[in-house]
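Below: target_1.cif (mmCIF, C-alpha atoms and all ligand atoms; chains and numbers go by the auth columns)
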```cif
data_query
#
loop_
_atom_site.group_PDB
_atom_site.id
_atom_site.type_symbol
_atom_site.label_atom_id
_atom_site.label_comp_id
_atom_site.label_asym_id
_atom_site.label_seq_id
_atom_site.Cartn_x
_atom_site.Cartn_y
_atom_site.Cartn_z
_atom_site.B_iso_or_equiv
_atom_site.auth_seq_id
_atom_site.auth_asym_id
ATOM 1 C CA MET A 1 -4.856 8.045 18.088 0.00 121 A
ATOM 2 C CA ALA A 2 -5.297 11.682 17.034 0.00 122 A
ATOM 3 C CA ASP A 3 -4.517 12.562 13.456 0.00 123 A
ATOM 4 C CA THR A 4 -3.275 15.985 12.542 0.00 124 A
ATOM 5 C CA ILE A 5 -4.825 15.651 9.106 0.00 125 A
ATOM 6 C CA SER A 6 -8.263 14.630 7.893 0.00 126 A
ATOM 7 C CA ARG A 7 -8.828 12.081 5.132 0.00 127 A
ATOM 8 C CA GLU A 8 -9.953 14.895 2.842 0.00 128 A
ATOM 9 C CA GLU A 9 -6.782 16.886 3.499 0.00 129 A
ATOM 10 C CA ALA A 10 -4.673 13.760 3.011 0.00 130 A
ATOM 11 C CA LEU A 11 -6.256 13.159 -0.403 0.00 131 A
ATOM 12 C CA SER A 12 -5.584 16.759 -1.509 0.00 132 A
ATOM 13 C CA LEU A 13 -2.002 16.453 -0.302 0.00 133 A
ATOM 14 C CA LEU A 14 -1.583 13.197 -2.230 0.00 134 A
ATOM 15 C CA MET A 15 -2.957 14.795 -5.377 0.00 135 A
ATOM 16 C CA LYS A 16 -0.701 17.820 -5.054 0.00 136 A
ATOM 17 C CA TYR A 17 2.302 15.549 -5.692 0.00 137 A
ATOM 18 C CA ASN A 18 0.686 12.736 -7.723 0.00 138 A
ATOM 19 C CA LYS A 19 -0.977 13.170 -11.096 0.00 139 A
ATOM 20 C CA GLU A 20 -0.709 9.746 -12.710 0.00 140 A
ATOM 21 C CA ALA A 21 -3.768 7.527 -12.404 0.00 141 A
ATOM 22 C CA PHE A 22 -1.549 4.492 -11.727 0.00 142 A
ATOM 23 C CA HIS A 23 -0.032 6.066 -8.598 0.00 143 A
ATOM 24 C CA ILE A 24 -3.316 7.471 -7.309 0.00 144 A
ATOM 25 C CA ARG A 25 -5.070 4.142 -7.783 0.00 145 A
ATOM 26 C CA HIS A 26 -2.245 2.431 -5.873 0.00 146 A
ATOM 27 C CA ALA A 27 -2.542 4.959 -3.022 0.00 147 A
ATOM 28 C CA LEU A 28 -6.330 4.522 -2.790 0.00 148 A
ATOM 29 C CA THR A 29 -5.949 0.743 -2.912 0.00 149 A
ATOM 30 C CA VAL A 30 -3.337 0.664 -0.156 0.00 150 A
ATOM 31 C CA GLU A 31 -5.611 2.963 1.881 0.00 151 A
ATOM 32 C CA GLY A 32 -8.488 0.500 1.524 0.00 152 A
ATOM 33 C CA VAL A 33 -6.221 -2.472 2.234 0.00 153 A
ATOM 34 C CA MET A 34 -4.905 -0.839 5.418 0.00 154 A
ATOM 35 C CA LYS A 35 -8.436 -0.067 6.613 0.00 155 A
ATOM 36 C CA TRP A 36 -9.435 -3.700 6.058 0.00 156 A
ATOM 37 C CA TYR A 37 -6.388 -4.909 7.994 0.00 157 A
ATOM 38 C CA ALA A 38 -7.166 -2.525 10.875 0.00 158 A
ATOM 39 C CA GLY A 39 -10.572 -4.154 11.266 0.00 159 A
ATOM 40 C CA GLU A 40 -9.207 -7.664 10.761 0.00 160 A
ATOM 41 C CA LEU A 41 -6.473 -7.271 13.367 0.00 161 A
ATOM 42 C CA GLY A 42 -8.596 -5.652 16.084 0.00 162 A
ATOM 43 C CA PHE A 43 -7.767 -2.003 15.430 0.00 163 A
ATOM 44 C CA GLY A 44 -11.135 -1.036 13.936 0.00 164 A
ATOM 45 C CA ASP A 45 -11.240 2.207 15.894 0.00 165 A
ATOM 46 C CA GLU A 46 -7.976 3.244 14.211 0.00 166 A
ATOM 47 C CA ALA A 47 -9.071 2.262 10.701 0.00 167 A
ATOM 48 C CA GLU A 48 -9.119 5.815 9.372 0.00 168 A
ATOM 49 C CA HIS A 49 -5.605 6.420 10.694 0.00 169 A
ATOM 50 C CA TRP A 50 -4.290 3.187 9.118 0.00 170 A
ATOM 51 C CA GLY A 51 -6.000 4.267 5.894 0.00 171 A
ATOM 52 C CA ILE A 52 -4.425 7.740 5.869 0.00 172 A
ATOM 53 C CA VAL A 53 -0.988 6.183 6.284 0.00 173 A
ATOM 54 C CA GLY A 54 -1.751 3.927 3.310 0.00 174 A
ATOM 55 C CA LEU A 55 -3.005 6.840 1.250 0.00 175 A
ATOM 56 C CA LEU A 56 0.141 8.895 1.865 0.00 176 A
ATOM 57 C CA HIS A 57 2.816 6.182 1.946 0.00 177 A
ATOM 58 C CA ASP A 58 4.178 6.800 -1.587 0.00 178 A
ATOM 59 C CA ILE A 59 3.586 10.558 -1.631 0.00 179 A
ATOM 60 C CA ASP A 60 7.085 11.368 -2.905 0.00 180 A
ATOM 61 C CA PHE A 61 7.444 8.513 -5.390 0.00 181 A
ATOM 62 C CA GLU A 62 5.995 10.022 -8.560 0.00 182 A
ATOM 63 C CA MET A 63 7.947 13.299 -8.441 0.00 183 A
ATOM 64 C CA TYR A 64 11.043 12.180 -6.541 0.00 184 A
ATOM 65 C CA PRO A 65 11.631 8.492 -7.328 0.00 185 A
ATOM 66 C CA GLU A 66 15.356 8.859 -6.605 0.00 186 A
ATOM 67 C CA GLU A 67 14.605 10.305 -3.177 0.00 187 A
ATOM 68 C CA HIS A 68 11.775 7.933 -2.228 0.00 188 A
ATOM 69 C CA CYS A 69 11.152 8.018 1.557 0.00 189 A
ATOM 70 C CA GLN A 70 13.785 10.792 1.890 0.00 190 A
ATOM 71 C CA LYS A 71 11.653 13.570 0.424 0.00 191 A
ATOM 72 C CA ALA A 72 8.432 12.378 2.109 0.00 192 A
ATOM 73 C CA PRO A 73 9.024 13.961 5.567 0.00 193 A
ATOM 74 C CA GLU A 74 9.372 17.437 4.057 0.00 194 A
ATOM 75 C CA LEU A 75 6.266 17.088 1.858 0.00 195 A
ATOM 76 C CA LEU A 76 4.261 15.706 4.770 0.00 196 A
ATOM 77 C CA GLN A 77 5.464 18.313 7.293 0.00 197 A
ATOM 78 C CA ASN A 78 4.553 21.099 4.875 0.00 198 A
ATOM 79 C CA GLY A 79 1.124 19.504 4.545 0.00 199 A
ATOM 80 C CA GLY A 80 0.600 19.549 8.327 0.00 200 A
ATOM 81 C CA VAL A 81 1.029 15.809 8.863 0.00 201 A
ATOM 82 C CA GLY A 82 2.166 14.675 12.323 0.00 202 A
ATOM 83 C CA GLU A 83 5.378 12.854 13.198 0.00 203 A
ATOM 84 C CA ASP A 84 3.642 9.535 13.886 0.00 204 A
ATOM 85 C CA ILE A 85 2.376 9.345 10.297 0.00 205 A
ATOM 86 C CA ILE A 86 5.750 10.480 8.944 0.00 206 A
ATOM 87 C CA HIS A 87 7.436 7.660 10.887 0.00 207 A
ATOM 88 C CA SER A 88 4.991 5.115 9.484 0.00 208 A
ATOM 89 C CA VAL A 89 5.358 6.382 5.908 0.00 209 A
ATOM 90 C CA CYS A 90 9.170 6.258 6.070 0.00 210 A
ATOM 91 C CA SER A 91 9.187 2.798 7.664 0.00 211 A
ATOM 92 C CA HIS A 92 7.661 1.183 4.566 0.00 212 A
ATOM 93 C CA GLY A 93 11.004 1.671 2.799 0.00 213 A
ATOM 94 C CA TYR A 94 13.038 0.114 5.638 0.00 214 A
ATOM 95 C CA GLY A 95 16.290 -1.366 4.375 0.00 215 A
ATOM 96 C CA ILE A 96 15.682 -0.070 0.842 0.00 216 A
ATOM 97 C CA CYS A 97 15.398 3.701 0.933 0.00 217 A
ATOM 98 C CA SER A 98 14.981 4.379 4.640 0.00 218 A
ATOM 99 C CA ASP A 99 16.487 3.278 7.951 0.00 219 A
ATOM 100 C CA VAL A 100 13.246 3.789 9.909 0.00 220 A
ATOM 101 C CA GLU A 101 12.289 0.363 11.200 0.00 221 A
ATOM 102 C CA PRO A 102 8.609 -0.685 11.202 0.00 222 A
ATOM 103 C CA THR A 103 7.696 -1.064 14.889 0.00 223 A
ATOM 104 C CA HIS A 104 3.890 -0.747 15.180 0.00 224 A
ATOM 105 C CA LEU A 105 1.865 -3.661 13.805 0.00 225 A
ATOM 106 C CA MET A 106 0.314 -1.231 11.316 0.00 226 A
ATOM 107 C CA GLU A 107 3.771 -0.404 9.953 0.00 227 A
ATOM 108 C CA LYS A 108 4.610 -4.084 9.501 0.00 228 A
ATOM 109 C CA VAL A 109 1.328 -4.602 7.645 0.00 229 A
ATOM 110 C CA LEU A 110 2.117 -1.659 5.375 0.00 230 A
ATOM 111 C CA PHE A 111 5.619 -2.988 4.705 0.00 231 A
ATOM 112 C CA ALA A 112 4.279 -6.435 3.754 0.00 232 A
ATOM 113 C CA ALA A 113 1.094 -5.492 1.944 0.00 233 A
ATOM 114 C CA ASP A 114 2.282 -2.514 -0.130 0.00 234 A
ATOM 115 C CA GLU A 115 4.595 -4.507 -2.385 0.00 235 A
ATOM 116 C CA LEU A 116 2.188 -7.446 -2.518 0.00 236 A
ATOM 117 C CA THR A 117 -0.709 -5.180 -3.459 0.00 237 A
ATOM 118 C CA GLY A 118 1.347 -4.123 -6.501 0.00 238 A
ATOM 119 C CA LEU A 119 1.975 -7.740 -7.490 0.00 239 A
ATOM 120 C CA ILE A 120 -1.667 -8.763 -7.057 0.00 240 A
ATOM 121 C CA TRP A 121 -2.928 -5.771 -9.032 0.00 241 A
ATOM 122 C CA ALA A 122 -0.483 -6.514 -11.874 0.00 242 A
ATOM 123 C CA ALA A 123 -1.835 -10.085 -11.888 0.00 243 A
ATOM 124 C CA ALA A 124 -5.435 -8.830 -11.857 0.00 244 A
ATOM 125 C CA LEU A 125 -4.814 -6.702 -14.939 0.00 245 A
ATOM 126 C CA MET A 126 -3.772 -9.854 -16.848 0.00 246 A
ATOM 127 C CA ARG A 127 -7.166 -11.432 -16.185 0.00 247 A
ATOM 128 C CA PRO A 128 -10.242 -11.047 -18.409 0.00 248 A
ATOM 129 C CA SER A 129 -12.095 -9.609 -15.399 0.00 249 A
ATOM 130 C CA LYS A 130 -9.290 -7.084 -14.643 0.00 250 A
ATOM 131 C CA SER A 131 -10.328 -7.630 -11.042 0.00 251 A
ATOM 132 C CA VAL A 132 -9.278 -9.315 -7.801 0.00 252 A
ATOM 133 C CA MET A 133 -12.870 -10.381 -7.103 0.00 253 A
ATOM 134 C CA ASP A 134 -12.325 -13.736 -8.823 0.00 254 A
ATOM 135 C CA MET A 135 -8.663 -14.155 -7.928 0.00 255 A
ATOM 136 C CA GLU A 136 -7.525 -17.068 -5.782 0.00 256 A
ATOM 137 C CA VAL A 137 -4.465 -17.593 -3.594 0.00 257 A
ATOM 138 C CA SER A 138 -3.171 -20.234 -6.039 0.00 258 A
ATOM 139 C CA SER A 139 -2.813 -17.720 -8.872 0.00 259 A
ATOM 140 C CA VAL A 140 -0.963 -15.266 -6.608 0.00 260 A
ATOM 141 C CA LYS A 141 1.396 -18.111 -5.594 0.00 261 A
ATOM 142 C CA LYS A 142 2.117 -18.830 -9.270 0.00 262 A
ATOM 143 C CA LYS A 143 2.772 -15.178 -10.085 0.00 263 A
ATOM 144 C CA PHE A 144 4.936 -14.853 -6.977 0.00 264 A
ATOM 145 C CA LYS A 145 7.139 -17.739 -8.151 0.00 265 A
ATOM 146 C CA ASP A 146 7.337 -16.495 -11.751 0.00 266 A
ATOM 147 C CA LYS A 147 10.446 -14.311 -11.562 0.00 267 A
ATOM 148 C CA ARG A 148 9.737 -12.722 -14.957 0.00 268 A
ATOM 149 C CA PHE A 149 6.308 -11.488 -13.867 0.00 269 A
ATOM 150 C CA ALA A 150 6.112 -7.947 -12.395 0.00 270 A
ATOM 151 C CA GLN A 151 9.836 -7.837 -11.775 0.00 271 A
ATOM 152 C CA GLY A 152 9.520 -4.467 -10.039 0.00 272 A
ATOM 153 C CA CYS A 153 7.656 -6.121 -7.142 0.00 273 A
ATOM 154 C CA SER A 154 10.341 -7.459 -4.841 0.00 274 A
ATOM 155 C CA ARG A 155 9.623 -10.978 -3.622 0.00 275 A
ATOM 156 C CA ASP A 156 12.257 -10.503 -0.920 0.00 276 A
ATOM 157 C CA ILE A 157 10.407 -7.524 0.565 0.00 277 A
ATOM 158 C CA ILE A 158 7.146 -9.482 0.590 0.00 278 A
ATOM 159 C CA LYS A 159 8.884 -12.421 2.319 0.00 279 A
ATOM 160 C CA GLN A 160 10.546 -10.092 4.808 0.00 280 A
ATOM 161 C CA GLY A 161 7.163 -8.475 5.531 0.00 281 A
ATOM 162 C CA ALA A 162 5.525 -11.842 6.174 0.00 282 A
ATOM 163 C CA GLU A 163 8.375 -12.692 8.554 0.00 283 A
ATOM 164 C CA MET A 164 7.940 -9.418 10.468 0.00 284 A
ATOM 165 C CA LEU A 165 4.278 -10.298 10.928 0.00 285 A
ATOM 166 C CA GLY A 166 5.040 -13.923 11.807 0.00 286 A
ATOM 167 C CA TRP A 167 2.745 -15.130 9.014 0.00 287 A
ATOM 168 C CA GLU A 168 3.318 -17.729 6.335 0.00 288 A
ATOM 169 C CA LEU A 169 3.135 -16.363 2.784 0.00 289 A
ATOM 170 C CA PRO A 170 -0.212 -18.022 1.899 0.00 290 A
ATOM 171 C CA GLU A 171 -1.809 -16.303 4.906 0.00 291 A
ATOM 172 C CA LEU A 172 -0.472 -12.924 3.780 0.00 292 A
ATOM 173 C CA PHE A 173 -1.665 -13.633 0.222 0.00 293 A
ATOM 174 C CA GLU A 174 -5.147 -14.638 1.305 0.00 294 A
ATOM 175 C CA LYS A 175 -5.650 -11.702 3.658 0.00 295 A
ATOM 176 C CA THR A 176 -4.358 -9.214 1.097 0.00 296 A
ATOM 177 C CA ILE A 177 -6.665 -10.568 -1.623 0.00 297 A
ATOM 178 C CA LEU A 178 -9.615 -10.193 0.769 0.00 298 A
ATOM 179 C CA ALA A 179 -8.438 -6.691 1.674 0.00 299 A
ATOM 180 C CA MET A 180 -8.224 -5.717 -1.993 0.00 300 A
ATOM 181 C CA ARG A 181 -11.632 -7.196 -2.716 0.00 301 A
ATOM 182 C CA SER A 182 -13.117 -5.135 0.105 0.00 302 A
ATOM 183 C CA CYS A 183 -12.160 -1.859 -1.565 0.00 303 A
ATOM 184 C CA GLU A 184 -11.931 -2.546 -5.311 0.00 304 A
ATOM 185 C CA GLU A 185 -15.355 -1.120 -6.109 0.00 305 A
ATOM 186 C CA SER A 186 -15.025 1.965 -3.919 0.00 306 A
ATOM 187 C CA VAL A 187 -11.555 2.666 -5.356 0.00 307 A
ATOM 188 C CA THR A 188 -12.953 2.446 -8.903 0.00 308 A
ATOM 189 C CA ASP A 189 -15.817 4.775 -7.949 0.00 309 A
ATOM 190 C CA GLU A 190 -13.429 7.306 -6.451 0.00 310 A
ATOM 191 C CA MET A 191 -11.097 7.134 -9.480 0.00 311 A
ATOM 192 C CA LYS A 192 -14.107 7.891 -11.689 0.00 312 A
ATOM 193 C CA ALA A 193 -15.210 10.728 -9.431 0.00 313 A
ATOM 194 C CA LEU A 194 -11.689 12.175 -9.675 0.00 314 A
ATOM 195 C CA GLY A 195 -11.887 11.926 -13.478 0.00 315 A
ATOM 196 C CA LEU A 196 -8.989 9.459 -13.579 0.00 316 A
ATOM 197 C CA GLU A 197 -10.749 6.379 -14.966 0.00 317 A
HETATM 198 FE FE FE B . 3.376 1.653 -2.423 0.00 401 B
#
```

Just give me the structure of the file as structure tokens.
Amino acid sequence: MADTISREEALSLLMKYNKEAFHIRHALTVEGVMKWYAGELGFGDEAEHWGIVGLLHDIDFEMYPEEHCQKAPELLQNGGVGEDIIHSVCSHGYGICSDVEPTHLMEKVLFAADELTGLIWAAALMRPSKSVMDMEVSSVKKKFKDKRFAQGCSRDIIKQGAEMLGWELPELFEKTILAMRSCEESVTDEMKALGLE
């Protein structure tokens, strides 16, 4: 699959519209998670493409939270991003802020893992280690059930994502923890290199 944008260009585009460390760390994490899933699901040769979609998926959220997924196509088109990536980015808000349905497996993974990545990272920050390296599925299950914890992370979206993929929740939890472990160190290194941590 040919990309119309390199990873380097995608990062500059992300940083043009995102300044807060929290948002940039989330983008880098979802990039790493998507790359891990590409390899896991037999799309290793498309890993960079899956990663770029992850990196750009929330591009409009920091500056245009009220127009999330609506403003993204314009920002991405102006940045030279192709229609396939724009479709994938918009599909992660399906039923919430967009009517673009996730069709490709990669889009379903993004839909399911984006929200869950937020929940797992919020849980990691509560731990002494501030890390997912020592986090188990059981603690994610507990946090998932605790309605008062990370209320901004919709449990319904995570459930809907698991259904789209045909996976049970524990499978989605386990894979996403492994995906986040695979990139935690490199994300931290890049945040430092960007002067954000
Ligand atoms: Fe996100």

Could you list, as a PyMOL selection string, every residue within 7 Å of segment 127-136 of chain A, counting all atoms listed in the file and ignoring same-chain residues fewer than 2 positions away? chain A and resi 125+138-139+172+176+179+199

Let me see if you get this right: every residue at most 8 Å from ligand FE 401 (chain B), counting all atoms listed in the file, written as a PyMOL selection string. chain A and resi 146-147+150+177-178+234-235+238

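Closest approach to Lys250 of chain A among A:Lys265, A:Glu304, A:Tyr137, A:Glu310 is made by A:Glu304 (distances from all atoms listed in the file).
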
What's around Met154 of chain A at 8 Å? Count all atoms listed in the file, leave out sequence neighbours fewer than 4 positions away in its own chain, and write the answer as number ranges by chain. A: 150, 158, 167, 170-171, 174, 226, 229-230, 299

Applying the PyMOL selection byres (((chain A and resi 240) around 10) and not hetatm) to the file I just gave you, which residues come out? Please list them as a ChimeraX atom specification. /A:233,235-239,241-245,251-252,255,257,259-261,263-264,270,273,293,296-297,300

Point out the residue among A:Leu225, A:Leu289, A:Leu298, A:Ala282 with the least atom-to-atom distance to Ser208 of chain A, counting only C-alpha atoms. A:Leu225

Point-to-point distance from atom CA of Gly202 of chain A to atom CA of Glu140 of chain A, Å rounded to tenths: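 Computed distance, atom CA of Gly202 of chain A to atom CA of Glu140 of chain A, equals 25.7 Å.
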
When you count all atoms listed in the file, which of these residues is closest to Gly315 of chain A: A:Glu291, A:Ser126, A:Ser211, A:Arg145?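 Going through A:Glu291, A:Ser126, A:Ser211, A:Arg145 one by one, the smallest distance to Gly315 of chain A is for A:Arg145.
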
When the PyMOL selection byres (((chain A and resi 193) around 9) and not hetatm) is applied to the file above, which residues end up in the set, as a list in words?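 This file gives the following for the PyMOL selection byres (((chain A and resi 193) around 9) and not hetatm): Cys189, Gln190, Lys191, Ala192, Glu194, Leu195, Leu196, Gln197, Asn198, Val201, Glu203, Ile206, His207, Val209 and Cys210 of chain A.
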
Using C-alpha atoms, can you write the selected residues to a file as a PDB file, in the frame of the given file?
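In the end it all went to again-v3.pdb:
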```pdb
ATOM      1  CA  CYS A 189      11.152   8.018   1.557  1.00  0.00           C
ATOM      2  CA  GLN A 190      13.785  10.792   1.890  1.00  0.00           C
ATOM      3  CA  LYS A 191      11.653  13.570   0.424  1.00  0.00           C
ATOM      4  CA  ALA A 192       8.432  12.378   2.109  1.00  0.00           C
ATOM      5  CA  GLU A 194       9.372  17.437   4.057  1.00  0.00           C
ATOM      6  CA  LEU A 195       6.266  17.088   1.858  1.00  0.00           C
ATOM      7  CA  LEU A 196       4.261  15.706   4.770  1.00  0.00           C
ATOM      8  CA  GLN A 197       5.464  18.313   7.293  1.00  0.00           C
ATOM      9  CA  ASN A 198       4.553  21.099   4.875  1.00  0.00           C
ATOM     10  CA  VAL A 201       1.029  15.809   8.863  1.00  0.00           C
ATOM     11  CA  GLU A 203       5.378  12.854  13.198  1.00  0.00           C
ATOM     12  CA  ILE A 206       5.750  10.480   8.944  1.00  0.00           C
ATOM     13  CA  HIS A 207       7.436   7.660  10.887  1.00  0.00           C
ATOM     14  CA  VAL A 209       5.358   6.382   5.908  1.00  0.00           C
ATOM     15  CA  CYS A 210       9.170   6.258   6.070  1.00  0.00           C
TER      16      CYS A 210
END
```

Distance of atom CA of Lys279 of chain A from atom CA of Lys267 of chain A, expressed in Å to one decimal place: 14.1 Å

Can you tell me how far atom CA of Ser306 of chain A sits from atom CA of Glu168 of chain A, in Å to one decimal? 15.0 Å

Using all atoms listed in the file and a cutoff of 8 Å, can you tell me which residues are near (-9.7, 1.6, 1.8) in the file's coordinates, and write them out as a PyMOL selection string? chain A and resi 148-156+171+302-303+306-307

If the PyMOL selection byres (((chain A and resi 284) around 12) and not hetatm) is run on the structure shown, which residues does it catch, given as an NGL selection string? :A and (214 or 221-233 or 277-283 or 285-289 or 292)

Point out the residue among A:Phe269, A:Ile216, A:Ser274, A:Pro290 with the least atom-to-atom distance to Glu186 of chain A, counting all atoms listed in the file.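 For Glu186 of chain A, the nearest of the candidates is A:Ile216.
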